[in-house]
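Here is the structure we will look at, set down as structure tokens.
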Amino acid sequence: MKCLKEPRACLWPKSANGNVEIPFLISEKYDQAERNTILTAMKDFASKTCIRFIPRTTQTGHISIEPRLGCFSLLGYVGGRQVVSLQKFGCVTHGITQHEVLHSMGFYHEQSRSDRDHYVTINWDNIRTSYLSNFKKEDTNNLNTPYDYSSIMHYGRTAFGMHGSETITPFPNSSVPIGQRDRLSNFDILKINKLYKCWNYLW
């Protein structure tokens, strides 16, 4: 996302040690296995980026991971308590946790990129009416990175389709796989490091 006020107002601040420390709370409504899945997904950022998720003590700005209805998050840093919803049945996976946390760090869906019309066709007639806004194109900061069909932030080709119909068609190769919820792609990692100026991790 582009910060509309100060250049970095919508991004989590850097600490004196050069890392970006994001305080978090995890709801006690999760069992230990679910909690471990969430913690492992967040810890995975530390080996590839300067992002560090730290247990919240007294910090005002923090994410609160809760089992609400659905998978969702606010976009970017807001400076207070930010709910990241991971519904207990369907959302507590490694990849979905990383997907929603990336929203809280300031990342739109990949197919919302300002240049997406050069890479995918949105089949508007196939989208369920109540989800049309999910496919809106945004004025994004693309960080001089390639469009990434394999991004963890990319929808699958039938996302929110009526009767399972195709809502996103890639081109020029319409058969290329799009959308996955396994793990951060290499370009996801690059974009994190560029956006947060993780100089020691840039390749």
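Labels for the structure tokens follow display order: chains A, B, ..., residues from 1 in each chain, ligands from 1.
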Exercise. Residues of segment 12-193 of chain A in strand (DSSP E or B) according to DSSP, as number ranges by chain?
Worked result: A: 14, 20-26, 51-55, 62-66, 71-73, 81-86, 120-122, 127, 161, 168-170
Go ahead and dump the residues you just picked, C-alpha atoms, as a CSV table (one decimal), in the first residue's frame.
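The resulting file, part15.csv, is reproduced below:
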chain,number,residue,atom,x,y,z
A,14,LYS,CA,11.7,0.0,12.9
A,20,VAL,CA,10.7,-4.3,12.6
A,21,GLU,CA,9.1,-5.6,15.8
A,22,ILE,CA,5.4,-6.3,15.7
A,23,PRO,CA,3.9,-7.0,19.1
A,24,PHE,CA,1.1,-9.6,19.1
A,25,LEU,CA,-1.5,-11.3,21.3
A,26,ILE,CA,-3.0,-14.7,20.6
A,51,ILE,CA,10.3,-8.7,10.6
A,52,ARG,CA,10.1,-10.0,14.2
A,53,PHE,CA,6.8,-10.8,16.0
A,54,ILE,CA,7.2,-10.3,19.7
A,55,PRO,CA,4.7,-11.0,22.5
A,62,HIS,CA,-0.1,-4.4,18.2
A,63,ILE,CA,-2.0,-7.2,16.4
A,64,SER,CA,-4.6,-9.3,18.3
A,65,ILE,CA,-5.1,-12.7,16.7
A,66,GLU,CA,-8.6,-13.8,17.4
A,71,CYS,CA,-10.1,-14.7,7.8
A,72,PHE,CA,-9.5,-11.0,7.7
A,73,SER,CA,-7.2,-8.2,8.8
A,81,ARG,CA,-5.0,-2.7,18.6
A,82,GLN,CA,-5.5,-4.4,15.2
A,83,VAL,CA,-7.6,-7.6,15.0
A,84,VAL,CA,-6.3,-10.4,12.7
A,85,SER,CA,-9.1,-12.8,12.5
A,86,LEU,CA,-8.3,-16.5,12.0
A,120,VAL,CA,-4.8,-11.3,-15.4
A,121,THR,CA,-8.3,-10.8,-16.7
A,122,ILE,CA,-11.0,-10.3,-14.0
A,127,ILE,CA,-18.1,-13.1,-9.4
A,161,GLY,CA,-17.0,-17.5,-8.3
A,168,ILE,CA,-9.4,-14.7,-12.6
A,169,THR,CA,-7.7,-15.8,-15.8
A,170,PRO,CA,-3.9,-15.3,-16.2
For this session: Considering only C-alpha atoms, return as a ChimeraX atom specification whatever protein or nucleic-acid residues lie within 7 Å of segment 28-42 of chain A, sequence-local ones (same chain, fewer than 6 positions apart) excluded.
Result: /A:53,92-94,97-98
May I have the residues from that selection written out with all heavy atoms, as a PDB file, in the first residue's frame?
ATOM      1  N   PHE A  53       8.067 -10.887  15.163  1.00  0.00           N
ATOM      2  CA  PHE A  53       6.837 -10.838  15.958  1.00  0.00           C
ATOM      3  C   PHE A  53       7.202 -11.114  17.412  1.00  0.00           C
ATOM      4  O   PHE A  53       7.820 -12.133  17.729  1.00  0.00           O
ATOM      5  CB  PHE A  53       5.828 -11.856  15.431  1.00  0.00           C
ATOM      6  CG  PHE A  53       5.310 -11.502  14.071  1.00  0.00           C
ATOM      7  CD1 PHE A  53       5.912 -12.011  12.925  1.00  0.00           C
ATOM      8  CD2 PHE A  53       4.247 -10.625  13.919  1.00  0.00           C
ATOM      9  CE1 PHE A  53       5.451 -11.667  11.660  1.00  0.00           C
ATOM     10  CE2 PHE A  53       3.774 -10.273  12.665  1.00  0.00           C
ATOM     11  CZ  PHE A  53       4.387 -10.794  11.530  1.00  0.00           C
ATOM     12  N   VAL A  92      -6.888 -21.360  10.411  1.00  0.00           N
ATOM     13  CA  VAL A  92      -5.658 -21.551  11.180  1.00  0.00           C
ATOM     14  C   VAL A  92      -4.740 -22.525  10.451  1.00  0.00           C
ATOM     15  O   VAL A  92      -4.643 -23.715  10.763  1.00  0.00           O
ATOM     16  CB  VAL A  92      -5.960 -22.046  12.611  1.00  0.00           C
ATOM     17  CG1 VAL A  92      -4.663 -22.122  13.425  1.00  0.00           C
ATOM     18  CG2 VAL A  92      -6.940 -21.104  13.299  1.00  0.00           C
ATOM     19  N   THR A  93      -4.075 -22.011   9.423  1.00  0.00           N
ATOM     20  CA  THR A  93      -3.056 -22.758   8.696  1.00  0.00           C
ATOM     21  C   THR A  93      -1.822 -21.876   8.571  1.00  0.00           C
ATOM     22  O   THR A  93      -1.897 -20.656   8.795  1.00  0.00           O
ATOM     23  CB  THR A  93      -3.517 -23.162   7.278  1.00  0.00           C
ATOM     24  OG1 THR A  93      -3.603 -21.970   6.469  1.00  0.00           O
ATOM     25  CG2 THR A  93      -4.876 -23.861   7.309  1.00  0.00           C
ATOM     26  N   HIS A  94      -0.717 -22.484   8.219  1.00  0.00           N
ATOM     27  CA  HIS A  94       0.535 -21.736   8.056  1.00  0.00           C
ATOM     28  C   HIS A  94       0.363 -20.611   7.027  1.00  0.00           C
ATOM     29  O   HIS A  94       0.664 -19.444   7.290  1.00  0.00           O
ATOM     30  CB  HIS A  94       1.638 -22.704   7.616  1.00  0.00           C
ATOM     31  CG  HIS A  94       3.001 -22.096   7.558  1.00  0.00           C
ATOM     32  ND1 HIS A  94       3.894 -22.153   8.612  1.00  0.00           N
ATOM     33  CD2 HIS A  94       3.650 -21.430   6.562  1.00  0.00           C
ATOM     34  CE1 HIS A  94       5.010 -21.539   8.269  1.00  0.00           C
ATOM     35  NE2 HIS A  94       4.897 -21.093   7.031  1.00  0.00           N
ATOM     36  N   THR A  97      -2.360 -17.819   7.861  1.00  0.00           N
ATOM     37  CA  THR A  97      -1.826 -16.932   8.895  1.00  0.00           C
ATOM     38  C   THR A  97      -0.873 -15.910   8.277  1.00  0.00           C
ATOM     39  O   THR A  97      -0.975 -14.703   8.536  1.00  0.00           O
ATOM     40  CB  THR A  97      -1.093 -17.745   9.992  1.00  0.00           C
ATOM     41  OG1 THR A  97      -2.018 -18.630  10.616  1.00  0.00           O
ATOM     42  CG2 THR A  97      -0.491 -16.822  11.039  1.00  0.00           C
ATOM     43  N   GLN A  98       0.043 -16.378   7.433  1.00  0.00           N
ATOM     44  CA  GLN A  98       0.991 -15.453   6.798  1.00  0.00           C
ATOM     45  C   GLN A  98       0.263 -14.470   5.889  1.00  0.00           C
ATOM     46  O   GLN A  98       0.613 -13.283   5.837  1.00  0.00           O
ATOM     47  CB  GLN A  98       2.044 -16.240   6.020  1.00  0.00           C
ATOM     48  CG  GLN A  98       2.974 -17.033   6.936  1.00  0.00           C
ATOM     49  CD  GLN A  98       4.124 -17.682   6.200  1.00  0.00           C
ATOM     50  OE1 GLN A  98       4.031 -17.995   5.014  1.00  0.00           O
ATOM     51  NE2 GLN A  98       5.231 -17.898   6.906  1.00  0.00           N
TER      52      GLN A  98
END
Exercise. How far is it from atom CA of Leu184 of chain A to atom CA of Val101 of chain A, in Å with one decimal?
Worked result: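 Atom-to-atom, atom CA of Leu184 of chain A to atom CA of Val101 of chain A, that is 11.3 Å.
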For this session: Identify, on the basis of only C-alpha atoms, every residue whose closest approach to Gln111 of chain A does not exceed 9 Å; exclude the query and any residue fewer than 6 positions from it along the same chain; express the result as a PyMOL selection string.
Result: chain A and resi 117+119-120+122+135-137+147-149+153-155+168
Just-selected residues, N, CA and C atoms written as a CSV table (one decimal), in the first residue's frame:
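To be explicit, this is the file written out as part-v2.csv:
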chain,number,residue,atom,x,y,z
A,117,ASP,N,-3.9,-5.6,-14.9
A,117,ASP,CA,-4.5,-5.8,-16.1
A,117,ASP,C,-3.6,-6.3,-17.2
A,119,TYR,N,-1.6,-8.8,-16.6
A,119,TYR,CA,-1.2,-10.1,-16.3
A,119,TYR,C,-2.4,-11.0,-16.1
A,120,VAL,N,-3.6,-10.5,-15.7
A,120,VAL,CA,-4.8,-11.3,-15.4
A,120,VAL,C,-6.0,-10.6,-16.0
A,122,ILE,N,-10.0,-10.1,-15.1
A,122,ILE,CA,-11.0,-10.3,-14.0
A,122,ILE,C,-12.3,-10.6,-14.7
A,135,PHE,N,-12.3,-7.4,-5.8
A,135,PHE,CA,-11.5,-7.5,-7.0
A,135,PHE,C,-11.1,-6.1,-7.5
A,136,LYS,N,-11.4,-5.1,-6.7
A,136,LYS,CA,-11.0,-3.7,-7.0
A,136,LYS,C,-9.5,-3.5,-7.2
A,137,LYS,N,-9.2,-2.8,-8.3
A,137,LYS,CA,-7.8,-2.5,-8.5
A,137,LYS,C,-7.4,-1.3,-7.6
A,147,TYR,N,5.1,-9.0,-11.3
A,147,TYR,CA,3.8,-9.6,-10.9
A,147,TYR,C,4.0,-11.0,-10.5
A,148,ASP,N,3.4,-11.4,-9.4
A,148,ASP,CA,3.7,-12.8,-8.9
A,148,ASP,C,2.5,-13.6,-8.8
A,149,TYR,N,2.3,-14.5,-9.8
A,149,TYR,CA,1.2,-15.4,-9.8
A,149,TYR,C,1.2,-16.4,-8.6
A,153,MET,N,-0.4,-13.9,-1.6
A,153,MET,CA,-1.4,-12.9,-1.5
A,153,MET,C,-2.3,-12.9,-2.8
A,154,HIS,N,-2.1,-13.9,-3.7
A,154,HIS,CA,-2.9,-13.9,-4.9
A,154,HIS,C,-4.1,-14.9,-4.7
A,155,TYR,N,-5.3,-14.4,-5.2
A,155,TYR,CA,-6.4,-15.3,-5.2
A,155,TYR,C,-6.3,-16.4,-6.1
A,168,ILE,N,-10.7,-15.3,-12.2
A,168,ILE,CA,-9.4,-14.7,-12.6
A,168,ILE,C,-8.7,-15.6,-13.6
For this session: Using DSSP on the backbone coordinates, identify the residues of segment 86-171 of chain A assigned to helix (DSSP H, G or I); present them as a ChimeraX atom specification.
Result: /A:94-104,110-112,116-118,124-126,129-135,162-164
How would the residues just chosen look if you wrote them out with C-alpha atoms as a PDB file, in the first residue's frame?
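Ended up saving to part07.pdb:
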ATOM      1  CA  HIS A  94       0.535 -21.736   8.056  1.00  0.00           C
ATOM      2  CA  GLY A  95      -0.234 -20.015   4.762  1.00  0.00           C
ATOM      3  CA  ILE A  96      -3.463 -18.261   5.741  1.00  0.00           C
ATOM      4  CA  THR A  97      -1.826 -16.932   8.895  1.00  0.00           C
ATOM      5  CA  GLN A  98       0.991 -15.453   6.798  1.00  0.00           C
ATOM      6  CA  HIS A  99      -1.541 -14.077   4.282  1.00  0.00           C
ATOM      7  CA  GLU A 100      -3.542 -12.218   6.931  1.00  0.00           C
ATOM      8  CA  VAL A 101      -0.442 -10.989   8.758  1.00  0.00           C
ATOM      9  CA  LEU A 102       0.824  -9.560   5.457  1.00  0.00           C
ATOM     10  CA  HIS A 103      -2.388  -7.538   5.193  1.00  0.00           C
ATOM     11  CA  SER A 104      -1.652  -6.097   8.632  1.00  0.00           C
ATOM     12  CA  GLU A 110      -1.620  -9.434  -5.581  1.00  0.00           C
ATOM     13  CA  GLN A 111      -4.436  -9.243  -8.153  1.00  0.00           C
ATOM     14  CA  SER A 112      -5.303  -5.786  -6.757  1.00  0.00           C
ATOM     15  CA  ARG A 116      -2.727  -6.351 -12.830  1.00  0.00           C
ATOM     16  CA  ASP A 117      -4.539  -5.824 -16.141  1.00  0.00           C
ATOM     17  CA  HIS A 118      -1.284  -6.685 -17.919  1.00  0.00           C
ATOM     18  CA  TRP A 124     -16.626  -9.770 -13.496  1.00  0.00           C
ATOM     19  CA  ASP A 125     -19.743 -11.643 -14.632  1.00  0.00           C
ATOM     20  CA  ASN A 126     -18.582 -14.766 -12.789  1.00  0.00           C
ATOM     21  CA  THR A 129     -22.221  -9.906  -6.412  1.00  0.00           C
ATOM     22  CA  SER A 130     -21.444  -9.354  -2.732  1.00  0.00           C
ATOM     23  CA  TYR A 131     -17.728  -9.940  -3.389  1.00  0.00           C
ATOM     24  CA  LEU A 132     -17.197  -7.623  -6.361  1.00  0.00           C
ATOM     25  CA  SER A 133     -15.331  -5.093  -4.209  1.00  0.00           C
ATOM     26  CA  ASN A 134     -12.712  -7.747  -3.394  1.00  0.00           C
ATOM     27  CA  PHE A 135     -11.486  -7.483  -6.992  1.00  0.00           C
ATOM     28  CA  MET A 162     -20.594 -18.325  -8.890  1.00  0.00           C
ATOM     29  CA  HIS A 163     -20.997 -22.109  -9.002  1.00  0.00           C
ATOM     30  CA  GLY A 164     -17.222 -22.547  -9.017  1.00  0.00           C
TER      31      GLY A 164
END
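Nearest residue to Lys48 of chain A among A:Gln180, A:Ser114, A:Asn144, A:Asn193 is A:Asn193, counting only C-alpha atoms.
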With only C-alpha atoms as the counted atoms, please give the residues lying no more than 6 Å from Gln87 of chain A, apart from itself and same-chain residues fewer than 2 positions off, as an mmCIF file with N, CA and C atoms, in the first residue's frame.
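Saved the output as part-v2.cif:
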data_model
loop_
_atom_site.group_PDB
_atom_site.id
_atom_site.type_symbol
_atom_site.label_atom_id
_atom_site.label_comp_id
_atom_site.auth_asym_id
_atom_site.auth_seq_id
_atom_site.Cartn_x
_atom_site.Cartn_y
_atom_site.Cartn_z
ATOM 1 N N PRO A 67 -10.148 -15.726 17.000
ATOM 2 C CA PRO A 67 -10.961 -16.606 16.155
ATOM 3 C C PRO A 67 -12.354 -16.033 15.896
ATOM 4 N N ARG A 68 -12.401 -14.961 15.136
ATOM 5 C CA ARG A 68 -13.691 -14.389 14.762
ATOM 6 C C ARG A 68 -14.224 -15.120 13.532
ATOM 7 N N LEU A 69 -15.297 -14.606 12.945
ATOM 8 C CA LEU A 69 -15.901 -15.262 11.793
ATOM 9 C C LEU A 69 -15.129 -14.909 10.526
ATOM 10 N N GLY A 70 -14.443 -15.875 9.947
ATOM 11 C CA GLY A 70 -13.711 -15.650 8.707
ATOM 12 C C GLY A 70 -12.249 -15.336 8.930
ATOM 13 N N PHE A 89 -11.984 -22.905 12.341
ATOM 14 C CA PHE A 89 -12.158 -23.959 11.344
ATOM 15 C C PHE A 89 -12.012 -23.370 9.941
ATOM 16 N N CYS A 91 -9.206 -21.305 8.893
ATOM 17 C CA CYS A 91 -8.256 -20.203 8.754
ATOM 18 C C CYS A 91 -6.915 -20.431 9.461
#
Exercise. Counting only C-alpha atoms, which of A:Ala16, A:Leu202, A:Met105, A:Ala159 gets nearest to Arg128 of chain A?
Worked result: A:Ala159
For this session: Identify which of the residues A:Ile152, A:Leu74, A:Leu143, A:Ile189 lies closest to Lys2 of chain A, counting only C-alpha atoms when measuring atom-to-atom distances.
Result: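 Answer, going by the shortest atom-to-atom distance: A:Leu143.
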For this session: Can you work out the spacing between atom CA of Gly156 of chain A and atom CA of Phe107 of chain A in Å, to one decimal?
Result: 17.0 Å
Problem set entry | Distance criterion (only C-alpha atoms): nearest to Asn123 of chain A out of A:Phe160, A:Ser151, A:Tyr108, A:Asn142 |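 When distances to Asn123 of chain A are compared using only C-alpha atoms, the smallest one comes from A:Phe160.
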For this session: Give me, please, the distance in Å between atom CA of Pro13 of chain A and atom CA of Glu138 of chain A, quoted to one decimal.
Result: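 For atom CA of Pro13 of chain A relative to atom CA of Glu138 of chain A, the distance reads 23.5 Å.
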Exercise. With only C-alpha atoms as the atoms that count, which of A:Ser150, A:Thr60, A:Gly79, A:Asp115 lies nearest to Arg181 of chain A?
Worked result: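 Looking at the shortest contact to Arg181 of chain A, the residue is A:Ser150.
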For this session: Using only C-alpha atoms, find the one residue out of A:Ala9, A:Asp139, A:Ile178, A:Pro172 that sits nearest to Thr158 of chain A.
Result: A:Ile178
